[in-house]
file input30.cif (mmCIF, C-alpha atoms)
data_entry
loop_
_atom_site.group_PDB
_atom_site.id
_atom_site.type_symbol
_atom_site.label_atom_id
_atom_site.label_comp_id
_atom_site.auth_asym_id
_atom_site.auth_seq_id
_atom_site.Cartn_x
_atom_site.Cartn_y
_atom_site.Cartn_z
ATOM 1 C CA LEU A 100 60.265 160.007 -36.828
ATOM 2 C CA GLU A 101 57.970 161.315 -34.107
ATOM 3 C CA ASN A 102 57.519 164.823 -35.521
ATOM 4 C CA TYR A 103 58.224 164.364 -39.249
ATOM 5 C CA GLU A 104 57.367 160.732 -39.945
ATOM 6 C CA PHE A 105 56.395 161.138 -43.614
ATOM 7 C CA GLN A 106 59.520 163.118 -44.514
ATOM 8 C CA THR A 107 61.873 160.799 -42.581
ATOM 9 C CA VAL A 108 60.371 157.647 -44.070
ATOM 10 C CA PHE A 109 60.586 159.061 -47.605
ATOM 11 C CA PHE A 110 64.255 159.882 -47.015
ATOM 12 C CA PHE A 111 64.766 156.192 -46.142
ATOM 13 C CA VAL A 112 62.859 155.239 -49.308
ATOM 14 C CA GLY A 113 65.236 157.450 -51.301
ATOM 15 C CA LEU A 114 68.243 155.683 -49.782
ATOM 16 C CA ILE A 115 66.751 152.347 -50.862
ATOM 17 C CA LEU A 116 65.907 153.565 -54.386
ATOM 18 C CA GLY A 117 69.416 154.939 -54.835
ATOM 19 C CA GLY A 118 70.837 151.421 -54.651
ATOM 20 C CA LEU A 119 68.722 150.040 -57.502
ATOM 21 C CA PRO A 120 70.810 151.287 -60.489
ATOM 22 C CA PHE A 121 73.896 149.617 -58.998
ATOM 23 C CA LEU A 122 72.025 146.308 -58.779
ATOM 24 C CA PHE A 123 70.439 146.557 -62.248
ATOM 25 C CA LYS A 124 73.929 146.661 -63.749
ATOM 26 C CA LYS A 125 74.645 143.241 -62.264
ATOM 27 C CA VAL A 126 72.218 141.333 -64.502
ATOM 28 C CA THR A 127 71.251 141.388 -68.168
ATOM 29 C CA LYS A 128 67.818 141.500 -69.786
ATOM 30 C CA LYS A 129 68.331 137.910 -70.919
ATOM 31 C CA SER A 130 68.337 136.723 -67.321
ATOM 32 C CA ILE A 131 64.728 137.837 -66.751
ATOM 33 C CA GLY A 132 62.903 134.507 -66.732
ATOM 34 C CA VAL A 133 60.151 132.735 -64.813
ATOM 35 C CA LYS A 134 62.547 131.206 -62.277
ATOM 36 C CA ASN A 135 64.277 134.480 -61.423
ATOM 37 C CA VAL A 136 61.005 136.405 -61.248
ATOM 38 C CA MET A 137 59.628 133.736 -58.881
ATOM 39 C CA ILE A 138 62.702 134.163 -56.660
ATOM 40 C CA SER A 139 61.959 137.901 -56.496
ATOM 41 C CA VAL A 140 58.296 137.225 -55.672
ATOM 42 C CA ILE A 141 59.184 134.770 -52.887
ATOM 43 C CA CYS A 142 61.678 137.213 -51.335
ATOM 44 C CA PHE A 143 59.077 139.989 -51.660
ATOM 45 C CA ALA A 144 56.543 137.834 -49.789
ATOM 46 C CA LEU A 145 59.036 136.913 -47.052
ATOM 47 C CA VAL A 146 59.852 140.550 -46.270
ATOM 48 C CA PHE A 147 56.194 141.566 -46.525
ATOM 49 C CA SER A 148 55.255 138.862 -44.006
ATOM 50 C CA LEU A 149 57.610 140.448 -41.430
ATOM 51 C CA THR A 150 55.065 143.246 -41.013
ATOM 52 C CA PHE A 151 52.747 140.826 -39.208
ATOM 53 C CA LEU A 152 55.317 139.642 -36.638
ATOM 54 C CA ASN A 153 54.550 142.353 -34.089
ATOM 55 C CA GLU A 154 50.786 141.792 -34.081
ATOM 56 C CA GLY A 155 50.153 145.333 -35.253
ATOM 57 C CA ASN A 156 52.509 146.915 -32.719
ATOM 58 C CA ASN A 157 55.108 148.970 -34.575
ATOM 59 C CA VAL A 158 57.378 149.561 -31.575
ATOM 60 C CA VAL A 159 58.822 146.879 -29.293
ATOM 61 C CA ASN A 160 58.945 147.621 -25.553
ATOM 62 C CA LEU A 161 62.451 147.123 -24.113
ATOM 63 C CA ASP A 162 61.629 148.268 -20.572
ATOM 64 C CA ALA A 163 61.495 144.788 -19.007
ATOM 65 C CA ILE A 164 64.565 142.662 -19.732
ATOM 66 C CA THR A 165 63.676 138.976 -20.096
ATOM 67 C CA PHE A 166 65.597 136.031 -21.547
ATOM 68 C CA PRO A 167 63.219 135.721 -24.563
ATOM 69 C CA LEU A 168 63.714 139.450 -25.245
ATOM 70 C CA LEU A 169 67.509 139.050 -25.209
ATOM 71 C CA ILE A 170 67.200 136.148 -27.683
ATOM 72 C CA LYS A 171 65.050 138.369 -29.924
ATOM 73 C CA LEU A 172 67.589 141.212 -29.674
ATOM 74 C CA PHE A 173 70.364 138.801 -30.676
ATOM 75 C CA ILE A 174 68.352 137.595 -33.704
ATOM 76 C CA VAL A 175 67.437 141.182 -34.670
ATOM 77 C CA GLY A 176 71.155 142.011 -34.488
ATOM 78 C CA ILE A 177 71.869 139.210 -36.965
ATOM 79 C CA ILE A 178 69.096 140.505 -39.255
ATOM 80 C CA ALA A 179 70.482 144.048 -38.987
ATOM 81 C CA ALA A 180 73.906 142.678 -39.947
ATOM 82 C CA ALA A 181 72.368 141.191 -43.093
ATOM 83 C CA THR A 182 71.378 144.684 -44.220
ATOM 84 C CA MET A 183 75.019 145.762 -43.953
ATOM 85 C CA VAL A 184 76.154 142.881 -46.160
ATOM 86 C CA ILE A 185 73.314 142.685 -48.712
ATOM 87 C CA PRO A 186 73.561 145.605 -51.172
ATOM 88 C CA GLY A 187 70.718 148.080 -51.534
ATOM 89 C CA ILE A 188 68.891 147.390 -48.252
ATOM 90 C CA SER A 189 68.444 149.981 -45.521
ATOM 91 C CA GLY A 190 69.333 148.712 -42.049
ATOM 92 C CA SER A 191 67.289 151.488 -40.480
ATOM 93 C CA PHE A 192 64.287 150.391 -42.516
ATOM 94 C CA VAL A 193 64.560 146.765 -41.394
ATOM 95 C CA LEU A 194 64.764 147.807 -37.740
ATOM 96 C CA MET A 195 61.734 150.066 -38.266
ATOM 97 C CA LEU A 196 59.894 147.182 -39.899
ATOM 98 C CA LEU A 197 60.562 144.882 -36.935
ATOM 99 C CA GLY A 198 59.693 147.587 -34.414
ATOM 100 C CA TYR A 199 63.195 147.903 -32.950
ATOM 101 C CA TYR A 200 64.410 151.146 -34.538
ATOM 102 C CA LYS A 201 62.938 153.647 -32.065
ATOM 103 C CA PRO A 202 63.715 151.653 -28.892
ATOM 104 C CA ILE A 203 67.310 150.949 -30.006
ATOM 105 C CA VAL A 204 67.888 154.625 -30.889
ATOM 106 C CA GLU A 205 66.344 155.676 -27.558
ATOM 107 C CA THR A 206 68.585 153.216 -25.695
ATOM 108 C CA ILE A 207 71.679 154.624 -27.423
ATOM 109 C CA SER A 208 70.602 158.183 -26.580
ATOM 110 C CA ASN A 209 70.151 157.153 -22.923
ATOM 111 C CA LEU A 210 73.680 155.763 -22.535
ATOM 112 C CA THR A 211 74.603 158.720 -20.327
ATOM 113 C CA ASN A 212 71.775 157.831 -17.907
ATOM 114 C CA PHE A 213 73.760 155.857 -15.316
ATOM 115 C CA ASP A 214 70.577 154.719 -13.543
ATOM 116 C CA LEU A 215 69.868 152.558 -16.600
ATOM 117 C CA LEU A 216 73.474 151.569 -17.302
ATOM 118 C CA ILE A 217 73.004 147.810 -16.725
ATOM 119 C CA HIS A 218 69.687 147.753 -18.606
ATOM 120 C CA ASN A 219 71.072 149.668 -21.587
ATOM 121 C CA GLY A 220 74.275 147.603 -21.533
ATOM 122 C CA LEU A 221 72.296 144.355 -21.746
ATOM 123 C CA VAL A 222 70.133 145.655 -24.585
ATOM 124 C CA LEU A 223 72.939 147.123 -26.698
ATOM 125 C CA GLY A 224 75.450 144.402 -25.789
ATOM 126 C CA THR A 225 73.130 141.593 -26.899
ATOM 127 C CA PHE A 226 72.139 143.492 -30.024
ATOM 128 C CA GLY A 227 75.812 144.240 -30.805
ATOM 129 C CA ILE A 228 76.888 140.606 -30.399
ATOM 130 C CA GLY A 229 74.110 139.627 -32.797
ATOM 131 C CA ILE A 230 75.436 142.140 -35.339
ATOM 132 C CA ILE A 231 79.008 140.804 -35.072
ATOM 133 C CA VAL A 232 77.902 137.163 -35.415
ATOM 134 C CA GLY A 233 75.551 138.098 -38.260
ATOM 135 C CA ILE A 234 78.203 139.964 -40.254
ATOM 136 C CA VAL A 235 80.530 136.950 -40.120
ATOM 137 C CA LEU A 236 77.889 134.321 -40.966
ATOM 138 C CA ILE A 237 75.875 136.252 -43.537
ATOM 139 C CA SER A 238 78.884 137.668 -45.381
ATOM 140 C CA LYS A 239 80.084 134.084 -45.869
ATOM 141 C CA ALA A 240 76.631 133.014 -47.079
ATOM 142 C CA ILE A 241 76.278 135.952 -49.490
ATOM 143 C CA GLU A 242 79.803 135.408 -50.815
ATOM 144 C CA PHE A 243 78.926 131.748 -51.481
ATOM 145 C CA LEU A 244 75.623 132.624 -53.190
ATOM 146 C CA LEU A 245 77.189 135.336 -55.380
ATOM 147 C CA LYS A 246 79.817 132.851 -56.552
ATOM 148 C CA LYS A 247 77.464 129.906 -57.156
ATOM 149 C CA CYS A 248 74.302 131.630 -58.406
ATOM 150 C CA PRO A 249 74.873 135.405 -58.800
ATOM 151 C CA THR A 250 71.870 136.149 -61.029
ATOM 152 C CA GLU A 251 69.401 134.372 -58.748
ATOM 153 C CA THR A 252 70.903 136.102 -55.715
ATOM 154 C CA TYR A 253 70.483 139.553 -57.256
ATOM 155 C CA PHE A 254 66.884 138.807 -58.218
ATOM 156 C CA GLY A 255 66.262 137.774 -54.611
ATOM 157 C CA ILE A 256 67.716 141.101 -53.514
ATOM 158 C CA TYR A 257 65.389 142.914 -55.968
ATOM 159 C CA GLY A 258 62.388 141.259 -54.301
ATOM 160 C CA ILE A 259 63.593 142.297 -50.856
ATOM 161 C CA ILE A 260 64.167 145.906 -51.945
ATOM 162 C CA ILE A 261 60.826 146.333 -53.727
ATOM 163 C CA SER A 262 58.992 144.804 -50.770
ATOM 164 C CA SER A 263 60.830 147.032 -48.318
ATOM 165 C CA ILE A 264 59.766 150.136 -50.256
ATOM 166 C CA VAL A 265 56.116 149.037 -50.254
ATOM 167 C CA VAL A 266 56.095 148.099 -46.565
ATOM 168 C CA ILE A 267 57.867 151.212 -45.320
ATOM 169 C CA ILE A 268 55.328 153.448 -47.118
ATOM 170 C CA MET A 269 52.436 151.331 -45.779
ATOM 171 C CA GLY A 270 53.744 151.931 -42.253
ATOM 172 C CA ILE A 271 53.219 155.703 -42.422
ATOM 173 C CA SER A 272 50.522 156.536 -39.878
ATOM 174 C CA SER A 273 49.613 160.049 -41.090
ATOM 175 C CA VAL A 274 49.976 162.143 -44.227
ATOM 176 C CA PRO A 275 51.145 165.763 -43.765
ATOM 177 C CA SER A 276 50.094 168.912 -45.615
ATOM 178 C CA VAL A 277 50.981 169.519 -49.263
ATOM 179 C CA GLY A 278 54.150 171.334 -48.158
ATOM 180 C CA GLY A 279 55.153 168.368 -46.001
ATOM 181 C CA ILE A 280 54.581 165.978 -48.899
ATOM 182 C CA ILE A 281 56.754 168.114 -51.192
ATOM 183 C CA ILE A 282 59.528 168.185 -48.562
ATOM 184 C CA GLY A 283 59.203 164.394 -48.272
ATOM 185 C CA PHE A 284 59.753 163.928 -52.008
ATOM 186 C CA VAL A 285 62.671 166.383 -51.995
ATOM 187 C CA LEU A 286 64.291 164.406 -49.162
ATOM 188 C CA MET A 287 63.615 161.181 -51.057
ATOM 189 C CA SER A 288 65.481 162.612 -54.069
ATOM 190 C CA ILE A 289 68.385 163.687 -51.859
ATOM 191 C CA GLY A 290 68.517 160.206 -50.281
ATOM 192 C CA ALA A 291 68.465 158.515 -53.693
ATOM 193 C CA LEU A 292 71.231 160.772 -54.993
ATOM 194 C CA ALA A 293 73.379 160.193 -51.903
ATOM 195 C CA ALA A 294 72.948 156.404 -52.095
ATOM 196 C CA SER A 295 73.702 156.297 -55.829
ATOM 197 C CA LYS A 296 76.923 158.278 -55.289
ATOM 198 C CA LEU A 297 77.963 155.975 -52.433
ATOM 199 C CA ASN A 298 77.400 152.930 -54.650
#

call {"tool": "encode", "arguments": {"input": "input30.cif", "output": "structure tokens"}}
result
Amino acid sequence: LENYEFQTVFFFVGLILGGLPFLFKKVTKKSIGVKNVMISVICFALVFSLTFLNEGNNVVNLDAITFPLLIKLFIVGIIAAATMVIPGISGSFVLMLLGYYKPIVETISNLTNFDLLIHNGLVLGTFGIGIIVGIVLISKAIEFLLKKCPTETYFGIYGIIISSIVVIIMGISSVPSVGGIIIGFVLMSIGALAASKLN
């Protein structure tokens, strides 16, 4: 992400796009109505609004451990868990969107630094507990929604996915050379193919 931001982000976009055909099979053309489209629009707006949570700062600072930060890490863990349960959504993307992707990855890579063992343990432990709680709660909620109102649920997921694609591209800070752009689109195709096969 630091050296090849455009290419990495487009690979994530490909992973998101690869999940769309799987979801399109879940609904019929007859189900496209005003209500379902509005559900997609609302979900689109909710995800899009997340971009303004960090007041323009794309990366959260985890250096100073405070109680409010631990609460945020717990909540982010729950949100990350939602991406594991809801089909077609990239967990990496959501963490990038909230500004936690880089610091979490850096914390994991610093696990062998014993000077920061307690700090890293608090960060990853709180985040991990949030993921476990989130998987249990959200899987139950999604299971309920897919049983009671499957079409509306899938249209909500469409809105989330489309919004995530728009926001992740908006977050790119610099555009590379023509060669870099071509590599980005090649990686996007590879990501889409890989995701479609996994579906």

call {"tool": "resolve_selection", "arguments": {"input": "input30.cif", "expression": "the PyMOL selection byres ((chain A and resi 250) around 10)", "output": "ChimeraX atom specification"}}
result
/A:125-127,130-131,135,244-249,251-256

call {"tool": "resolve_selection", "arguments": {"input": "input30.cif", "expression": "the PyMOL selection byres ((chain A and resi 144) around 12)", "output": "PyMOL selection string"}}
result
chain A and resi 137-143+145-151+255+257-263+265-266

call {"tool": "atom_distance", "arguments": {"input": "input30.cif", "atom1": "CA of Ala179 in chain A", "atom2": "CA of Val159 in chain A"}}
result
15.4 Å

call {"tool": "closest_residue", "arguments": {"input": "input30.cif", "among": "A:Leu297, A:Leu286, A:Ile177, A:Ile217", "to": "Gly113 in chain A", "atoms": "only C-alpha atoms"}}
result
A:Leu286

call {"tool": "resolve_selection", "arguments": {"input": "input30.cif", "expression": "the PyMOL selection byres ((chain A and resi 199) around 10)", "output": "list in words"}}
result
Asn157, Val158, Val159, Asn160, Leu161, Leu172, Val175, Ser191, Phe192, Val193, Leu194, Met195, Leu196, Leu197, Gly198, Tyr200, Lys201, Pro202, Ile203, Val204 and Glu205 of chain A

call {"tool": "residues_near_point", "arguments": {"input": "input30.cif", "point": "(59.5, 163.5, -44.5)", "cutoff": "10 Å", "atoms": "all atoms listed in the file", "output": "PDB file with C-alpha atoms, in the frame of the given file"}}
result
ATOM      1  CA  LEU A 100      60.265 160.007 -36.828  1.00  0.00           C
ATOM      2  CA  ASN A 102      57.519 164.823 -35.521  1.00  0.00           C
ATOM      3  CA  TYR A 103      58.224 164.364 -39.249  1.00  0.00           C
ATOM      4  CA  GLU A 104      57.367 160.732 -39.945  1.00  0.00           C
ATOM      5  CA  PHE A 105      56.395 161.138 -43.614  1.00  0.00           C
ATOM      6  CA  GLN A 106      59.520 163.118 -44.514  1.00  0.00           C
ATOM      7  CA  THR A 107      61.873 160.799 -42.581  1.00  0.00           C
ATOM      8  CA  VAL A 108      60.371 157.647 -44.070  1.00  0.00           C
ATOM      9  CA  PHE A 109      60.586 159.061 -47.605  1.00  0.00           C
ATOM     10  CA  PHE A 110      64.255 159.882 -47.015  1.00  0.00           C
ATOM     11  CA  PHE A 111      64.766 156.192 -46.142  1.00  0.00           C
ATOM     12  CA  VAL A 274      49.976 162.143 -44.227  1.00  0.00           C
ATOM     13  CA  PRO A 275      51.145 165.763 -43.765  1.00  0.00           C
ATOM     14  CA  GLY A 279      55.153 168.368 -46.001  1.00  0.00           C
ATOM     15  CA  ILE A 280      54.581 165.978 -48.899  1.00  0.00           C
ATOM     16  CA  ILE A 281      56.754 168.114 -51.192  1.00  0.00           C
ATOM     17  CA  ILE A 282      59.528 168.185 -48.562  1.00  0.00           C
ATOM     18  CA  GLY A 283      59.203 164.394 -48.272  1.00  0.00           C
ATOM     19  CA  PHE A 284      59.753 163.928 -52.008  1.00  0.00           C
ATOM     20  CA  VAL A 285      62.671 166.383 -51.995  1.00  0.00           C
ATOM     21  CA  LEU A 286      64.291 164.406 -49.162  1.00  0.00           C
ATOM     22  CA  MET A 287      63.615 161.181 -51.057  1.00  0.00           C
TER      23      MET A 287
END

call {"tool": "atom_distance", "arguments": {"input": "input30.cif", "atom1": "CA of Ile289 in chain A", "atom2": "CA of Ser208 in chain A"}}
result
26.0 Å

call {"tool": "atom_distance", "arguments": {"input": "input30.cif", "atom1": "CA of Val232 in chain A", "atom2": "CA of Ile174 in chain A"}}
result
9.7 Å

call {"tool": "residues_near_point", "arguments": {"input": "input30.cif", "point": "(75.9, 158.3, -54.0)", "cutoff": "12 Å", "atoms": "all atoms listed in the file", "output": "short mmCIF file (atom, residue, chain, number, x, y, z; two decimals) with C-alpha atoms, keeping the file's coordinate frame"}}
result
data_model
loop_
_atom_site.label_atom_id
_atom_site.label_comp_id
_atom_site.auth_asym_id
_atom_site.auth_seq_id
_atom_site.Cartn_x
_atom_site.Cartn_y
_atom_site.Cartn_z
CA GLY A 113 65.24 157.45 -51.30
CA LEU A 114 68.24 155.68 -49.78
CA ILE A 115 66.75 152.35 -50.86
CA LEU A 116 65.91 153.56 -54.39
CA GLY A 117 69.42 154.94 -54.84
CA GLY A 118 70.84 151.42 -54.65
CA LEU A 119 68.72 150.04 -57.50
CA PRO A 120 70.81 151.29 -60.49
CA PHE A 121 73.90 149.62 -59.00
CA GLY A 187 70.72 148.08 -51.53
CA SER A 288 65.48 162.61 -54.07
CA ILE A 289 68.39 163.69 -51.86
CA GLY A 290 68.52 160.21 -50.28
CA ALA A 291 68.46 158.51 -53.69
CA LEU A 292 71.23 160.77 -54.99
CA ALA A 293 73.38 160.19 -51.90
CA ALA A 294 72.95 156.40 -52.10
CA SER A 295 73.70 156.30 -55.83
CA LYS A 296 76.92 158.28 -55.29
CA LEU A 297 77.96 155.98 -52.43
CA ASN A 298 77.40 152.93 -54.65
#

call {"tool": "residues_around", "arguments": {"input": "input30.cif", "residues": "Ile207 in chain A", "least_positions_apart": "5", "cutoff": "12 Å", "atoms": "all atoms listed in the file", "output": "number ranges by chain"}}
result
A: 200-202, 212, 215-216, 218-224, 226-227
